[in-house]
>>> print(open('entry_30.csv').read())   # CSV, C-alpha atoms
chain,number,residue,atom,x,y,z
A,1,MET,CA,119.0,153.2,65.7
A,2,THR,CA,116.2,155.0,67.5
A,3,HIS,CA,113.4,153.2,65.7
A,4,VAL,CA,114.7,149.7,66.5
A,5,PHE,CA,113.8,149.8,70.2
A,6,PRO,CA,110.2,150.9,69.9
A,7,LYS,CA,109.6,148.2,67.3
A,8,LYS,CA,111.0,145.6,69.5
A,9,ILE,CA,108.9,146.8,72.5
A,10,GLN,CA,105.8,146.7,70.2
A,11,GLN,CA,106.6,143.1,69.3
A,12,VAL,CA,106.9,142.1,72.9
A,13,ASN,CA,103.7,143.9,73.7
A,14,ASN,CA,101.9,142.1,70.8
A,15,MET,CA,103.1,138.8,72.1
A,16,LYS,CA,101.8,139.6,75.6
A,17,THR,CA,98.4,140.7,74.4
A,18,LYS,CA,98.1,137.5,72.3
A,19,ALA,CA,99.0,135.3,75.3
A,20,PHE,CA,96.6,137.3,77.5
A,21,LYS,CA,93.8,136.8,75.0
A,22,ALA,CA,94.5,133.1,74.8
A,23,ALA,CA,94.7,132.7,78.6
A,24,LEU,CA,91.6,134.6,79.6
A,25,PRO,CA,88.8,132.2,78.4
A,26,HIS,CA,90.5,129.3,80.2
A,27,THR,CA,90.3,131.2,83.5
A,28,LEU,CA,86.7,132.4,83.3
A,29,PRO,CA,85.2,129.3,85.1
A,30,ILE,CA,87.9,129.8,87.8
A,31,CYS,CA,86.9,133.5,88.0
A,32,VAL,CA,83.3,132.6,89.0
A,33,GLY,CA,84.5,129.9,91.5
A,34,PHE,CA,87.2,132.1,93.0
A,35,LEU,CA,85.0,135.1,93.4
A,36,PHE,CA,82.4,133.0,95.1
A,37,LEU,CA,84.8,131.1,97.3
A,38,GLY,CA,87.1,134.0,97.9
A,39,MET,CA,84.1,136.1,99.0
A,40,SER,CA,82.9,133.5,101.5
A,41,TYR,CA,86.5,133.4,102.8
A,42,GLY,CA,86.6,137.2,103.2
A,43,PHE,CA,83.2,137.1,104.7
A,44,LEU,CA,84.2,134.4,107.2
A,45,MET,CA,87.3,136.3,108.3
A,46,GLN,CA,85.2,139.5,108.7
A,47,SER,CA,82.6,137.6,110.7
A,48,LYS,CA,85.4,136.4,113.1
A,49,GLY,CA,86.4,140.0,113.7
A,50,PHE,CA,89.4,140.4,111.3
A,51,SER,CA,90.0,143.6,109.3
A,52,PHE,CA,89.7,143.3,105.5
A,53,LEU,CA,93.5,143.7,105.4
A,54,TYR,CA,93.9,140.1,106.7
A,55,PRO,CA,92.0,138.4,103.8
A,56,LEU,CA,93.6,140.8,101.4
A,57,LEU,CA,97.2,140.1,102.4
A,58,MET,CA,96.6,136.4,103.2
A,59,SER,CA,95.0,135.7,99.8
A,60,LEU,CA,97.8,137.7,98.1
A,61,PHE,CA,100.8,136.0,99.9
A,62,ILE,CA,99.6,132.6,100.9
A,63,PHE,CA,97.4,132.0,97.8
A,64,ALA,CA,96.4,128.5,98.7
A,65,GLY,CA,92.7,128.5,99.3
A,66,SER,CA,92.2,125.6,101.6
A,67,MET,CA,95.2,126.6,103.7
A,68,GLU,CA,93.7,130.1,104.1
A,69,PHE,CA,90.5,128.7,105.5
A,70,VAL,CA,92.6,126.5,107.9
A,71,THR,CA,94.6,129.6,108.9
A,72,VAL,CA,91.4,131.3,110.1
A,73,ASN,CA,91.2,128.5,112.8
A,74,LEU,CA,95.0,128.8,113.5
A,75,LEU,CA,94.6,132.6,114.1
A,76,LEU,CA,91.7,131.9,116.5
A,77,SER,CA,93.5,129.3,118.6
A,78,ALA,CA,96.6,129.5,120.8
A,79,PHE,CA,99.9,130.6,119.3
A,80,ASN,CA,101.8,127.5,118.1
A,81,PRO,CA,104.2,128.2,115.2
A,82,LEU,CA,105.6,124.6,114.9
A,83,TYR,CA,102.1,123.2,114.7
A,84,ALA,CA,101.2,125.8,112.1
A,85,PHE,CA,104.3,124.9,110.1
A,86,PHE,CA,103.6,121.2,110.0
A,87,LEU,CA,99.9,121.6,109.4
A,88,THR,CA,100.8,123.9,106.4
A,89,LEU,CA,103.2,121.3,105.0
A,90,MET,CA,100.6,118.6,105.3
A,91,VAL,CA,97.7,120.5,103.9
A,92,ASN,CA,99.8,121.7,101.0
A,93,ALA,CA,101.8,118.5,100.5
A,94,ARG,CA,100.1,118.0,97.2
A,95,HIS,CA,102.0,121.0,95.8
A,96,LEU,CA,105.1,118.8,96.0
A,97,PHE,CA,103.6,116.5,93.4
A,98,TYR,CA,102.3,119.4,91.3
A,99,GLY,CA,105.9,120.6,91.3
A,100,ILE,CA,107.2,117.2,90.2
A,101,SER,CA,104.8,117.2,87.3
A,102,MET,CA,105.8,120.8,86.2
A,103,LEU,CA,109.5,120.4,86.4
A,104,ASP,CA,109.7,120.2,82.6
A,105,ARG,CA,107.0,122.6,81.7
A,106,TYR,CA,108.4,125.5,83.8
A,107,LYS,CA,111.8,125.0,82.3
A,108,ASP,CA,113.6,128.0,80.7
A,109,MET,CA,111.0,130.6,81.7
A,110,GLY,CA,113.5,133.1,83.2
A,111,TRP,CA,112.1,135.4,85.9
A,112,LYS,CA,108.6,134.1,85.1
A,113,LYS,CA,109.5,130.7,86.5
A,114,PHE,CA,109.6,132.2,90.1
A,115,TYR,CA,106.1,133.6,89.8
A,116,LEU,CA,104.7,130.4,88.1
A,117,ILE,CA,105.9,128.3,91.0
A,118,TYR,CA,104.8,130.9,93.6
A,119,GLY,CA,101.3,131.1,92.2
A,120,MET,CA,100.8,127.4,91.5
A,121,CYS,CA,97.4,126.8,93.1
A,122,ASP,CA,95.3,123.7,92.3
A,123,GLU,CA,93.4,125.5,89.5
A,124,SER,CA,96.4,127.2,87.8
A,125,PHE,CA,98.3,123.9,88.0
A,126,SER,CA,95.4,122.0,86.3
A,127,ILE,CA,95.1,124.6,83.5
A,128,ASN,CA,98.9,124.9,82.9
A,129,CYS,CA,99.3,121.1,83.1
A,130,ILE,CA,96.5,120.2,80.7
A,131,VAL,CA,96.0,123.2,78.2
A,132,SER,CA,98.5,123.8,75.4
A,133,PRO,CA,98.2,127.3,73.9
A,134,PRO,CA,98.0,127.7,70.1
A,135,PRO,CA,101.4,127.4,68.4
A,136,ASP,CA,101.7,131.1,67.7
A,137,VAL,CA,101.2,132.0,71.4
A,138,ASP,CA,104.2,132.2,73.7
A,139,LYS,CA,103.8,129.4,76.2
A,140,GLY,CA,105.6,131.2,79.0
A,141,TRP,CA,103.4,134.3,78.9
A,142,PHE,CA,100.3,132.1,78.5
A,143,MET,CA,101.0,130.2,81.7
A,144,PHE,CA,102.0,133.5,83.4
A,145,PHE,CA,98.7,135.1,82.6
A,146,VAL,CA,96.7,132.0,83.6
A,147,THR,CA,98.5,132.2,87.0
A,148,LEU,CA,98.2,135.9,87.4
A,149,LEU,CA,94.5,136.1,86.5
A,150,ASN,CA,93.6,133.3,88.9
A,151,HIS,CA,95.6,135.1,91.6
A,152,LEU,CA,93.8,138.4,91.0
A,153,TYR,CA,90.3,136.7,91.0
A,154,TRP,CA,91.1,135.2,94.4
A,155,VAL,CA,92.5,138.4,96.0
A,156,ALA,CA,89.5,140.4,94.6
A,157,GLY,CA,87.0,137.8,95.9
A,158,ALA,CA,88.5,137.7,99.4
A,159,THR,CA,88.8,141.4,99.7
A,160,LEU,CA,85.3,142.0,98.3
A,161,GLY,CA,83.8,139.5,100.7
A,162,ALA,CA,85.5,141.1,103.7
A,163,LEU,CA,84.3,144.6,102.6
A,164,LEU,CA,80.7,143.4,102.1
A,165,GLY,CA,80.9,142.0,105.6
A,166,TYR,CA,81.0,145.6,106.9
A,167,VAL,CA,77.8,146.5,104.9
A,168,ILE,CA,75.7,143.4,105.0
A,169,HIS,CA,74.7,142.0,108.3
A,170,PHE,CA,73.2,138.7,108.9
A,171,ASP,CA,73.6,135.8,111.2
A,172,THR,CA,76.9,134.2,110.0
A,173,LYS,CA,76.8,131.3,112.4
A,174,GLY,CA,77.9,128.2,110.4
A,175,ILE,CA,79.4,130.0,107.4
A,176,GLY,CA,82.7,128.3,108.1
A,177,PHE,CA,81.0,125.1,106.7
A,178,VAL,CA,81.8,126.5,103.2
A,179,MET,CA,85.2,124.9,103.7
A,180,THR,CA,83.8,121.5,104.6
A,181,ALA,CA,81.5,121.7,101.6
A,182,LEU,CA,84.4,122.5,99.4
A,183,PHE,CA,86.5,119.5,100.5
A,184,VAL,CA,83.5,117.2,100.4
A,185,VAL,CA,82.9,118.2,96.7
A,186,MET,CA,86.6,117.8,95.9
A,187,PHE,CA,86.5,114.4,97.6
A,188,ILE,CA,83.5,113.3,95.4
A,189,ASP,CA,85.1,114.6,92.2
A,190,GLN,CA,88.4,112.7,92.9
A,191,TRP,CA,86.4,109.6,93.9
A,192,GLU,CA,84.6,109.6,90.5
A,193,GLU,CA,87.7,110.4,88.6
A,194,ARG,CA,89.6,107.3,89.8
A,195,SER,CA,88.5,103.6,89.8
A,196,ASP,CA,91.0,102.7,92.6
A,197,HIS,CA,89.5,104.2,95.7
A,198,THR,CA,92.2,102.8,98.1
A,199,PRO,CA,94.2,106.1,98.4
A,200,ALA,CA,91.0,108.1,99.2
A,201,LEU,CA,89.9,105.4,101.7
A,202,ILE,CA,93.3,105.2,103.3
A,203,GLY,CA,93.3,109.0,103.9
A,204,LEU,CA,89.8,109.1,105.2
A,205,GLY,CA,90.2,105.9,107.4
A,206,CYS,CA,93.6,106.9,108.9
A,207,SER,CA,92.2,110.4,109.7
A,208,LEU,CA,89.0,109.1,111.3
A,209,ALA,CA,90.9,106.5,113.3
A,210,CYS,CA,93.4,109.0,114.6
A,211,LEU,CA,90.7,111.5,115.4
A,212,LEU,CA,88.9,109.0,117.6
A,213,LEU,CA,92.2,107.9,119.2
A,214,PHE,CA,94.0,111.3,119.7
A,215,LYS,CA,91.0,113.7,119.8
A,216,ALA,CA,90.5,116.9,117.8
A,217,ASP,CA,93.6,118.9,118.8
A,218,ASN,CA,96.3,116.2,118.3
A,219,PHE,CA,95.1,113.9,115.5
A,220,ILE,CA,96.7,115.6,112.4
A,221,LEU,CA,100.3,114.6,112.6
A,222,PRO,CA,99.6,110.9,113.6
A,223,ALA,CA,97.0,110.8,110.8
A,224,MET,CA,99.6,112.0,108.3
A,225,ALA,CA,102.3,109.5,109.6
A,226,LEU,CA,99.8,106.6,109.5
A,227,THR,CA,98.7,107.5,105.9
A,228,VAL,CA,102.3,107.6,104.6
A,229,LEU,CA,103.0,104.3,106.5
A,230,CYS,CA,100.0,102.6,104.9
A,231,PHE,CA,101.1,103.7,101.4
A,232,ALA,CA,104.7,102.5,102.1
A,233,LEU,CA,103.3,99.0,103.1
A,234,LYS,CA,100.9,99.0,100.2
A,235,ARG,CA,103.7,99.8,97.8
A,236,ASP,CA,105.9,97.0,99.2
A,237,ASN,CA,103.1,94.6,98.6
A,238,THR,CA,102.4,95.8,95.1
A,239,ASP,CA,106.2,95.5,94.4
A,240,LYS,CA,106.2,91.9,95.7
A,241,GLU,CA,103.1,91.0,93.6
A,242,THR,CA,104.7,92.4,90.4
A,243,ASP,CA,108.0,90.6,91.2
A,244,THR,CA,106.5,87.2,91.5
B,1,MET,CA,96.8,135.8,120.0
B,2,THR,CA,98.5,139.2,119.7
B,3,THR,CA,98.9,141.0,116.4
B,4,SER,CA,102.6,140.1,116.1
B,5,GLN,CA,101.8,136.5,116.9
B,6,GLN,CA,99.2,136.6,114.1
B,7,ILE,CA,101.7,138.0,111.7
B,8,ILE,CA,104.2,135.3,112.6
B,9,THR,CA,101.6,132.6,112.1
B,10,VAL,CA,100.7,134.0,108.7
B,11,LEU,CA,104.4,134.3,107.7
B,12,ILE,CA,104.9,130.7,108.8
B,13,VAL,CA,102.0,129.6,106.7
B,14,VAL,CA,103.4,131.5,103.7
B,15,LEU,CA,106.8,129.9,104.3
B,16,GLY,CA,105.4,126.4,104.6
B,17,THR,CA,103.2,126.9,101.4
B,18,MET,CA,106.2,128.2,99.4
B,19,LEU,CA,108.4,125.4,100.6
B,20,THR,CA,105.9,122.8,99.2
B,21,ARG,CA,105.8,124.7,95.9
B,22,PHE,CA,109.5,125.4,95.4
B,23,LEU,CA,111.0,122.2,97.0
B,24,PRO,CA,110.7,119.9,93.9
B,25,PHE,CA,112.3,122.6,91.7
B,26,LEU,CA,115.2,122.9,94.2
B,27,ILE,CA,115.7,119.2,94.7
B,28,PHE,CA,115.4,118.3,91.1
B,29,PRO,CA,117.0,121.0,89.0
B,30,GLU,CA,116.3,120.8,85.3
B,31,GLY,CA,116.9,117.3,84.0
B,32,LYS,CA,117.0,115.2,87.2
B,33,THR,CA,114.4,112.4,87.7
B,34,PRO,CA,112.9,111.9,91.2
B,35,PRO,CA,113.1,108.5,92.8
B,36,ARG,CA,110.2,106.0,92.3
B,37,SER,CA,109.0,106.2,95.9
B,38,ILE,CA,108.4,110.0,95.5
B,39,LEU,CA,106.7,109.6,92.2
B,40,TYR,CA,104.5,106.9,93.8
B,41,LEU,CA,103.5,109.1,96.7
B,42,GLY,CA,102.8,111.8,94.1
B,43,THR,CA,100.1,109.7,92.5
B,44,VAL,CA,98.3,108.7,95.7
B,45,LEU,CA,98.8,111.4,98.3
B,46,PRO,CA,96.6,114.0,96.6
B,47,TYR,CA,93.6,111.6,97.0
B,48,ALA,CA,94.4,110.8,100.7
B,49,VAL,CA,94.9,114.5,101.7
B,50,ILE,CA,91.4,115.5,100.7
B,51,GLY,CA,89.9,112.8,103.0
B,52,LEU,CA,92.1,114.1,105.8
B,53,LEU,CA,90.9,117.7,105.2
B,54,VAL,CA,87.2,116.6,105.4
B,55,VAL,CA,87.9,115.0,108.7
B,56,TYR,CA,89.9,118.1,109.8
B,57,CYS,CA,86.8,120.2,109.1
B,58,ILE,CA,84.4,118.2,111.2
B,59,LYS,CA,86.9,117.4,114.0
B,60,ASP,CA,85.2,119.5,116.7
B,61,ALA,CA,81.7,118.5,115.8
B,62,LEU,CA,81.8,115.0,117.3
B,63,TRP,CA,82.2,116.3,120.8
B,64,GLU,CA,79.5,118.9,120.5
B,65,PRO,CA,75.9,118.4,121.9
B,66,PHE,CA,74.6,116.9,118.7
B,67,HIS,CA,77.7,114.8,117.9
B,68,GLY,CA,77.9,116.0,114.4
B,69,LEU,CA,74.3,115.4,113.3
B,70,PRO,CA,73.9,118.8,111.5
B,71,GLU,CA,77.3,118.1,109.8
B,72,ALA,CA,76.2,114.6,108.8
B,73,ILE,CA,72.9,115.9,107.3
B,74,ALA,CA,74.6,118.7,105.4
B,75,VAL,CA,77.4,116.4,104.1
B,76,SER,CA,74.9,113.8,102.9
B,77,SER,CA,72.9,116.5,101.1
B,78,ILE,CA,76.0,117.7,99.4
B,79,ILE,CA,76.9,114.2,98.3
B,80,ILE,CA,73.4,113.6,96.8
B,81,LEU,CA,73.2,117.0,95.2
B,82,HIS,CA,76.7,116.8,93.7
B,83,LYS,CA,76.1,113.2,92.3
B,84,TRP,CA,72.9,114.5,90.8
B,85,LYS,CA,73.7,117.9,89.4
B,86,LYS,CA,77.5,117.8,89.2
B,87,ASN,CA,77.7,121.5,89.8
B,88,THR,CA,80.5,122.5,92.2
B,89,LEU,CA,79.3,125.9,93.1
B,90,LEU,CA,75.7,124.8,93.5
B,91,SER,CA,76.7,121.9,95.8
B,92,ILE,CA,79.0,124.1,98.0
B,93,GLY,CA,76.4,127.0,98.1
B,94,ALA,CA,73.4,124.9,98.9
B,95,GLY,CA,75.3,122.7,101.4
B,96,THR,CA,76.5,125.8,103.3
B,97,VAL,CA,73.1,127.5,103.3
B,98,LEU,CA,71.5,124.3,104.6
B,99,TYR,CA,74.1,123.9,107.3
B,100,MET,CA,73.7,127.5,108.4
B,101,ALA,CA,69.9,127.1,108.5
B,102,LEU,CA,70.3,123.9,110.6
B,103,VAL,CA,72.6,125.3,113.2
B,104,GLN,CA,70.8,128.6,113.4
B,105,SER,CA,67.2,127.5,113.7
B,106,VAL,CA,66.9,123.7,114.1
B,107,PHE,CA,69.7,122.6,116.5
>>> encode(input="entry_30.csv", output="structure tokens")
Amino acid sequence: MTHVFPKKIQQVNNMKTKAFKAALPHTLPICVGFLFLGMSYGFLMQSKGFSFLYPLLMSLFIFAGSMEFVTVNLLLSAFNPLYAFFLTLMVNARHLFYGISMLDRYKDMGWKKFYLIYGMCDESFSINCIVSPPPDVDKGWFMFFVTLLNHLYWVAGATLGALLGYVIHFDTKGIGFVMTALFVVMFIDQWEERSDHTPALIGLGCSLACLLLFKADNFILPAMALTVLCFALKRDNTDKETDT
Amino acid sequence: MTTSQQIITVLIVVLGTMLTRFLPFLIFPEGKTPPRSILYLGTVLPYAVIGLLVVYCIKDALWEPFHGLPEAIAVSSIIILHKWKKNTLLSIGAGTVLYMALVQSVF
């Protein structure tokens, strides 16, 4: 009996190694991007006077890059938990739709399912959604390692950036613009990926209109409501067109 | 903000983020199909949210002395550079450095 268990453990380990080796190459581009962006995030937090523990813990537990940048602003303004909550829901609303797309793929994954959902950032989602591992590789472990590696890159980048902030000193005024740049690039990528620009224009237009109407501190919730309303009306019209 | 208020804020952000990630799996346990309106929003909202995030980033600039001119210059440069080179990291890096140079030495 004694030799049965070590053999089984070895098989499981082989399976994990195989899945890890299959997952690693897919995550390397993300590695470069996450180290770079994570470091600018850590650097930004350090420049605003936060200890490196903040970016370390926030990147580990929030693990939603854009929301972490937004949280820097939240932490620097007046305490408003309700606003923070709704802002988070809004900024991360896209996860709802990632979840809907992954309902089937994350099925029957046991305890790994919890971590797969917990760590479902944009990048892990896009790899796990698009890439199918080779047939001899366990799908669950493959997706697990994709998620884990991306998570580690991000935490490493954020912490490293904050630590470098102690050593390197330069005028960091304007470094927060890295977040704007990130979203502008994402906007362009999405713009070119789709021929129908209406959704992008609705989001941009409703936000700009509400910004001018409600000013900087109060525009987010009305902008979100107006966006959903526009889509509801648009869908009604599309339904009518297809009906007739 | 006090340290405990900061911790509460971060915990709320964690909670909100996890809610958006776990909710579909809680509402639609294995085998249930979401209604069409949700599926429709799922196809269009990701595109609208990014536009909103861009506006969120520049929200304070409009009321500053230069009314968002440095932001406008940097964003236009990113658009041109990204259309031309299609390199995400280059576009973000160059755009940020340009903006920092603008607000530190020009404006």
>>> residues_around(input="entry_30.csv", residues="Phe63 in chain A", least_positions_apart="2", cutoff="12 Å", atoms="all atoms listed in the file", output="PyMOL selection string")
(chain A and resi 34+38+55-61+65-69+71+92+115+117-124+147-148+150-156+158) or (chain B and resi 10+13-18+21)
>>> atom_distance(input="entry_30.csv", atom1="CA of Leu74 in chain A", atom2="CA of Ile8 in chain B")
11.3 Å
>>> interface_residues(input="entry_30.csv", of="chain A", to="chain B", cutoff="6 Å", atoms="only C-alpha atoms", output="list of chain:residue names")
A:Ile62, A:Pro81, A:Phe85, A:Thr88, A:Leu89, A:Arg94, A:His95, A:Leu96, A:Phe97, A:Gly99, A:Ile100, A:Gly174, A:Phe177, A:Val178, A:Thr180, A:Ala181, A:Leu182, A:Phe183, A:Phe187, A:Pro199, A:Ala200, A:Gly203, A:Leu204, A:Ser207, A:Ala216
>>> atom_distance(input="entry_30.csv", atom1="CA of Met102 in chain A", atom2="CA of Ile30 in chain A")
20.1 Å
>>> atom_distance(input="entry_30.csv", atom1="CA of Tyr106 in chain A", atom2="CA of Ser132 in chain A")
13.1 Å
>>> closest_residue(input="entry_30.csv", among="B:Ser77, B:Phe66, B:Pro35, B:Lys85", to="Phe107 in chain B", atoms="all atoms listed in the file")
B:Phe66
>>> closest_residue(input="entry_30.csv", among="A:Leu233, A:Val91, A:Met143, A:Cys31", to="Lys113 in chain A", atoms="all atoms listed in the file")
A:Met143
>>> closest_residue(input="entry_30.csv", among="A:Ile202, A:Met186, A:Leu211, A:Ala22", to="Leu229 in chain A", atoms="all atoms listed in the file")
A:Ile202
>>> closest_residue(input="entry_30.csv", among="A:Phe219, A:Trp141, A:Phe214, A:Tyr166", to="Lys21 in chain A", atoms="all atoms listed in the file")
A:Trp141
